[in-house]
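Just below is one structure, and these are the notes that go with it.
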Amino acid sequence: MNYKVVILDIDGTILPHGKTLSHATKDAIQRLKEKQMKVVIATGRAPYFTESIIQETGVDSMVFFNGSYAYHEGKEIYKSAIEKPVLEKVHQLSNDFQHPLTYLSKTSFKATDLSHPFVLEAYQHDPWKPELAPPQFWTDQEIYQLFLHCDVEEEQHYQTKVPELDFRRWSSGARTCDVNLSNSNKAVGLSKLLEKLGIAPDEAVAFGDGLNDMEMLSLVGMGVAMGNAREELKKVANMVTLSAEDDGVRYGLERLGLI
């Protein structure tokens with residue numbers, strides 16, 4: 001197959017958790033560009049969590065918020081914010097159960113409780129820290145994603161009462177989950193971006209490691225799961241490469257003959 005684009009997740013894929021971007025991965029991305037291969041990043045992160053990766057890789061086409069926002073060459077091409085009535089339901093439930101929320105807009109993120117242990121745990125390894133969300137923040141801003149901070153068994157209250165949203169744990173045992181629109185995922189944002197690029201999904205290769213990569217790997221012609229990926233993801237992948245710690249992206253690209 002003559003692949004034309006390589007799509008890369010960030011955390012756990014090109015960036016080992018708690019580490020920096022390796023020379024091998026940066027070199028692999030540069031080699032793709034030298035071969036006139038388009039490189040896209042598709043992440044659950046917000047734009048402001050991704051600035052250093054953009055600078056290090058030079059990638060200019062990205063999908064953020066697990067597919068809810070996309071830009072190409074610095075220009076916004078797609079966005080899908082969570083509707084206010086849906087946000088109101090989540091807001092009310094979180095108040096009832098005393099669960100903190102982090103609201104993520106296009107330009108900032110704010111949490112409803114900065115001292116809660118689940119919130120502190122969520123950001124303990126990150127260079128960024130949320131500010132306190134004013135009461136009207138979610139009504140004044142376009143919100144593209146939420147973080148719900150609660151135990152796994154408490155998540156079902158939200159799943160049942162807010163079917164418009166999808167809840168996915170950061171990792172097994174994590175006490176925070178991504179919250180996105182049920183009809184929005186990485187495949188949705190990528191479809192808009194690929195259409196802009198004039199590239200068919202089966203001409204794309206994608207690398208990922210998490211549950212939020214399921215639809216993306218199923219969309220493309222060659223879905224590659226990292227060696228450290230969740231088992232559920234490996235089952236839908238076309239290929240499994242080495243872990244992020246072992247430069248699995250470079251190894252996978254070499255196996256596919258792309259670099």
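Here, A, B, ... name the chains of the structure tokens in the order displayed, residue numbers run from 1 inside each chain, and ligands are numbered from 1 in the same displayed order.
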
Might you pull out every residue within 8 Å of Ile77 in chain A, with only C-alpha atoms counted and same-chain residues fewer than 3 positions away left off, and present them as a PyMOL selection string?
chain A and resi 69-72+192-193

Include all heavy atoms and write out the residues we just selected as an mmCIF file, in the first residue's frame.
```cif
data_model
loop_
_atom_site.group_PDB
_atom_site.id
_atom_site.type_symbol
_atom_site.label_atom_id
_atom_site.label_comp_id
_atom_site.auth_asym_id
_atom_site.auth_seq_id
_atom_site.Cartn_x
_atom_site.Cartn_y
_atom_site.Cartn_z
ATOM 1 N N TYR A 69 -11.514 18.917 18.089
ATOM 2 C CA TYR A 69 -10.967 20.151 17.533
ATOM 3 C C TYR A 69 -9.782 19.798 16.640
ATOM 4 O O TYR A 69 -8.945 18.968 17.012
ATOM 5 C CB TYR A 69 -10.509 21.073 18.670
ATOM 6 C CG TYR A 69 -10.018 22.423 18.221
ATOM 7 C CD1 TYR A 69 -10.899 23.457 17.942
ATOM 8 C CD2 TYR A 69 -8.650 22.669 18.081
ATOM 9 C CE1 TYR A 69 -10.440 24.702 17.524
ATOM 10 C CE2 TYR A 69 -8.180 23.907 17.673
ATOM 11 C CZ TYR A 69 -9.085 24.923 17.401
ATOM 12 O OH TYR A 69 -8.628 26.145 16.982
ATOM 13 N N ALA A 70 -9.732 20.389 15.453
ATOM 14 C CA ALA A 70 -8.634 20.077 14.526
ATOM 15 C C ALA A 70 -8.159 21.332 13.822
ATOM 16 O O ALA A 70 -8.954 22.245 13.536
ATOM 17 C CB ALA A 70 -9.098 19.056 13.485
ATOM 18 N N TYR A 71 -6.856 21.370 13.573
ATOM 19 C CA TYR A 71 -6.359 22.455 12.747
ATOM 20 C C TYR A 71 -5.328 21.939 11.755
ATOM 21 O O TYR A 71 -4.695 20.903 11.957
ATOM 22 C CB TYR A 71 -5.855 23.633 13.583
ATOM 23 C CG TYR A 71 -4.478 23.536 14.189
ATOM 24 C CD1 TYR A 71 -3.325 23.490 13.393
ATOM 25 C CD2 TYR A 71 -4.287 23.561 15.559
ATOM 26 C CE1 TYR A 71 -2.058 23.449 13.949
ATOM 27 C CE2 TYR A 71 -3.027 23.518 16.129
ATOM 28 C CZ TYR A 71 -1.920 23.467 15.316
ATOM 29 O OH TYR A 71 -0.665 23.428 15.870
ATOM 30 N N HIS A 72 -5.182 22.698 10.675
ATOM 31 C CA HIS A 72 -4.247 22.353 9.604
ATOM 32 C C HIS A 72 -3.461 23.600 9.247
ATOM 33 O O HIS A 72 -4.044 24.648 8.945
ATOM 34 C CB HIS A 72 -5.021 21.839 8.387
ATOM 35 C CG HIS A 72 -4.182 21.635 7.167
ATOM 36 N ND1 HIS A 72 -3.055 20.848 7.161
ATOM 37 C CD2 HIS A 72 -4.289 22.141 5.903
ATOM 38 C CE1 HIS A 72 -2.515 20.854 5.949
ATOM 39 N NE2 HIS A 72 -3.240 21.637 5.176
ATOM 40 N N LYS A 192 -12.114 14.694 9.150
ATOM 41 C CA LYS A 192 -12.177 16.075 8.662
ATOM 42 C C LYS A 192 -10.811 16.527 8.152
ATOM 43 O O LYS A 192 -10.700 17.176 7.105
ATOM 44 C CB LYS A 192 -12.636 17.002 9.787
ATOM 45 C CG LYS A 192 -13.969 16.650 10.407
ATOM 46 C CD LYS A 192 -15.122 16.858 9.455
ATOM 47 C CE LYS A 192 -16.453 16.597 10.141
ATOM 48 N NZ LYS A 192 -17.604 16.739 9.219
ATOM 49 N N LEU A 193 -9.766 16.161 8.883
ATOM 50 C CA LEU A 193 -8.420 16.571 8.505
ATOM 51 C C LEU A 193 -7.941 15.847 7.246
ATOM 52 O O LEU A 193 -7.364 16.465 6.343
ATOM 53 C CB LEU A 193 -7.454 16.315 9.665
ATOM 54 C CG LEU A 193 -6.007 16.765 9.494
ATOM 55 C CD1 LEU A 193 -5.923 18.223 9.060
ATOM 56 C CD2 LEU A 193 -5.235 16.551 10.786
#
```

If we count only C-alpha atoms, what is near Ala81 in chain A at a cut-off of 7 Å, once residues fewer than 6 positions away on the same chain are taken out, given as a count of residues only?
4

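From CA of Tyr103 in chain A back to CA of Val40 in chain A, the distance works out to 25.4 Å.
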
What's around Ile41 in chain A at 6 Å? Count only C-alpha atoms, leave out sequence neighbours fewer than 6 positions away in its own chain, and write the answer as number ranges by chain.
A: 7-9, 62

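Coordinates place CA of His91 in chain A at a distance of 11.0 Å from CA of Gln136 in chain A.
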
List the neighbours of Glu245 in chain A out to 12 Å using only C-alpha atoms; skip same-chain residues closer than 3 positions along the sequence, and give me the result as a list in words.
Asp11, Gly12, Thr13, Ile14, Leu15, Pro16, His17, Gly18, Lys19, Thr20, Leu21, Ser22, Ala24, Thr25, Met226, Gly227, Asn228, Ala229, Thr241, Leu242, Gly248, Val249, Arg250 and Tyr251 of chain A

For Leu120 in chain A, which residue out of A:Pro100, A:Gly210, A:Ala133, A:Ser105 is the nearest one, using only C-alpha atoms?
A:Pro100

Hey, what's within 12 Å of Arg169 in chain A if we count only C-alpha atoms and toss same-chain stuff fewer than 5 positions away? As a ChimeraX atom specification, please?
/A:44,122,146-153,155,174-180,210-212,230

Keeping only N, CA and C atoms, write the selected residues to a file as a PDB file, in the first residue's frame.
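After the write, again.pdb holds the following:
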```pdb
ATOM      1  N   GLY A  44      -5.408  13.307  22.859  1.00  0.00           N
ATOM      2  CA  GLY A  44      -6.458  13.688  23.790  1.00  0.00           C
ATOM      3  C   GLY A  44      -6.139  15.016  24.455  1.00  0.00           C
ATOM      4  N   ALA A 122      -4.103  13.785  39.585  1.00  0.00           N
ATOM      5  CA  ALA A 122      -4.197  13.870  38.124  1.00  0.00           C
ATOM      6  C   ALA A 122      -3.078  14.704  37.514  1.00  0.00           C
ATOM      7  N   LEU A 146     -13.917  17.394  29.172  1.00  0.00           N
ATOM      8  CA  LEU A 146     -13.903  17.469  30.631  1.00  0.00           C
ATOM      9  C   LEU A 146     -12.988  16.383  31.165  1.00  0.00           C
ATOM     10  N   PHE A 147     -12.488  16.583  32.362  1.00  0.00           N
ATOM     11  CA  PHE A 147     -11.907  15.497  33.138  1.00  0.00           C
ATOM     12  C   PHE A 147     -12.821  15.301  34.336  1.00  0.00           C
ATOM     13  N   LEU A 148     -13.307  14.093  34.506  1.00  0.00           N
ATOM     14  CA  LEU A 148     -14.109  13.753  35.679  1.00  0.00           C
ATOM     15  C   LEU A 148     -13.209  13.026  36.665  1.00  0.00           C
ATOM     16  N   HIS A 149     -13.130  13.534  37.873  1.00  0.00           N
ATOM     17  CA  HIS A 149     -12.254  12.971  38.897  1.00  0.00           C
ATOM     18  C   HIS A 149     -13.102  12.172  39.890  1.00  0.00           C
ATOM     19  N   CYS A 150     -13.123  10.856  39.716  1.00  0.00           N
ATOM     20  CA  CYS A 150     -13.898   9.997  40.614  1.00  0.00           C
ATOM     21  C   CYS A 150     -13.382   8.563  40.506  1.00  0.00           C
ATOM     22  N   ASP A 151     -13.809   7.711  41.442  1.00  0.00           N
ATOM     23  CA  ASP A 151     -13.450   6.299  41.383  1.00  0.00           C
ATOM     24  C   ASP A 151     -14.176   5.614  40.228  1.00  0.00           C
ATOM     25  N   VAL A 152     -13.621   4.494  39.765  1.00  0.00           N
ATOM     26  CA  VAL A 152     -14.165   3.787  38.612  1.00  0.00           C
ATOM     27  C   VAL A 152     -15.626   3.423  38.810  1.00  0.00           C
ATOM     28  N   GLU A 153     -15.971   2.895  39.984  1.00  0.00           N
ATOM     29  CA  GLU A 153     -17.346   2.430  40.202  1.00  0.00           C
ATOM     30  C   GLU A 153     -18.358   3.570  40.248  1.00  0.00           C
ATOM     31  N   GLU A 155     -18.310   6.112  38.192  1.00  0.00           N
ATOM     32  CA  GLU A 155     -18.458   6.619  36.830  1.00  0.00           C
ATOM     33  C   GLU A 155     -19.806   6.239  36.217  1.00  0.00           C
ATOM     34  N   ALA A 174      -6.732   4.483  37.281  1.00  0.00           N
ATOM     35  CA  ALA A 174      -6.702   5.945  37.383  1.00  0.00           C
ATOM     36  C   ALA A 174      -8.018   6.463  37.953  1.00  0.00           C
ATOM     37  N   ARG A 175      -7.936   7.557  38.676  1.00  0.00           N
ATOM     38  CA  ARG A 175      -9.140   8.133  39.273  1.00  0.00           C
ATOM     39  C   ARG A 175      -9.601   9.391  38.525  1.00  0.00           C
ATOM     40  N   THR A 176      -9.213   9.437  37.272  1.00  0.00           N
ATOM     41  CA  THR A 176      -9.651  10.504  36.371  1.00  0.00           C
ATOM     42  C   THR A 176      -9.955   9.893  35.014  1.00  0.00           C
ATOM     43  N   CYS A 177     -10.977  10.420  34.355  1.00  0.00           N
ATOM     44  CA  CYS A 177     -11.278   9.943  33.007  1.00  0.00           C
ATOM     45  C   CYS A 177     -11.529  11.125  32.065  1.00  0.00           C
ATOM     46  N   ASP A 178     -11.225  10.910  30.784  1.00  0.00           N
ATOM     47  CA  ASP A 178     -11.571  11.870  29.741  1.00  0.00           C
ATOM     48  C   ASP A 178     -13.073  11.808  29.525  1.00  0.00           C
ATOM     49  N   VAL A 179     -13.681  12.954  29.310  1.00  0.00           N
ATOM     50  CA  VAL A 179     -15.107  13.017  29.000  1.00  0.00           C
ATOM     51  C   VAL A 179     -15.263  13.800  27.704  1.00  0.00           C
ATOM     52  N   ASN A 180     -15.793  13.128  26.691  1.00  0.00           N
ATOM     53  CA  ASN A 180     -16.006  13.742  25.382  1.00  0.00           C
ATOM     54  C   ASN A 180     -17.399  13.396  24.870  1.00  0.00           C
ATOM     55  N   GLY A 210      -3.822   3.870  23.672  1.00  0.00           N
ATOM     56  CA  GLY A 210      -4.897   3.931  24.663  1.00  0.00           C
ATOM     57  C   GLY A 210      -6.272   3.611  24.115  1.00  0.00           C
ATOM     58  N   LEU A 211      -7.243   3.553  25.014  1.00  0.00           N
ATOM     59  CA  LEU A 211      -8.619   3.284  24.603  1.00  0.00           C
ATOM     60  C   LEU A 211      -9.162   4.397  23.716  1.00  0.00           C
ATOM     61  N   ASN A 212      -8.626   5.608  23.872  1.00  0.00           N
ATOM     62  CA  ASN A 212      -9.089   6.709  23.025  1.00  0.00           C
ATOM     63  C   ASN A 212      -8.517   6.634  21.610  1.00  0.00           C
ATOM     64  N   ARG A 230      -3.008  -0.882  25.641  1.00  0.00           N
ATOM     65  CA  ARG A 230      -4.038  -1.675  26.287  1.00  0.00           C
ATOM     66  C   ARG A 230      -4.364  -2.869  25.394  1.00  0.00           C
TER      67      ARG A 230
END
```

Taking the chain letters and numbering used in this document, name the residues of range 52-254 of chain A that DSSP puts in strand (DSSP E or B), as a VMD selection string.
chain A and resid 61 to 64 69 to 72 75 to 79 101 to 105 109 to 111 131 to 132 143 to 149 165 to 169 176 to 181 204 to 208 222 to 225 239 to 240

Using DSSP on the backbone coordinates, identify the residues of range 109-174 of chain A assigned to alpha helix (DSSP H); present them as a PyMOL selection string.
chain A and resi 117-122+137-140+155-161

For Val86 in chain A, which residue among A:Glu131, A:Glu154, A:Glu164, A:Glu121 is the nearest when counting only C-alpha atoms?
A:Glu164

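Between CA of Trp128 in chain A and CA of Tyr48 in chain A lies a distance of 9.3 Å.
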
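Taking only C-alpha atoms into account, Met222 in chain A lies nearest to A:Asn2 out of the set A:Thr139, A:Gln145, A:Ser94, A:Asn2.
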
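For the set A:Leu258, A:Ala237, A:Ala28, A:Leu181, the residue with the smallest atom-to-atom gap to Leu165 in chain A is A:Leu181, counting only C-alpha atoms.
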
Would you pick out the contacts of Val90 in chain A at 10 Å or less, using only C-alpha atoms, so that residues sharing its chain but fewer than 2 positions from it are not included, and give the list as JSON, numbers by chain?
{"A": [84, 85, 86, 87, 88, 92, 93, 94, 95, 96, 101, 146, 148, 158, 161, 162, 165]}
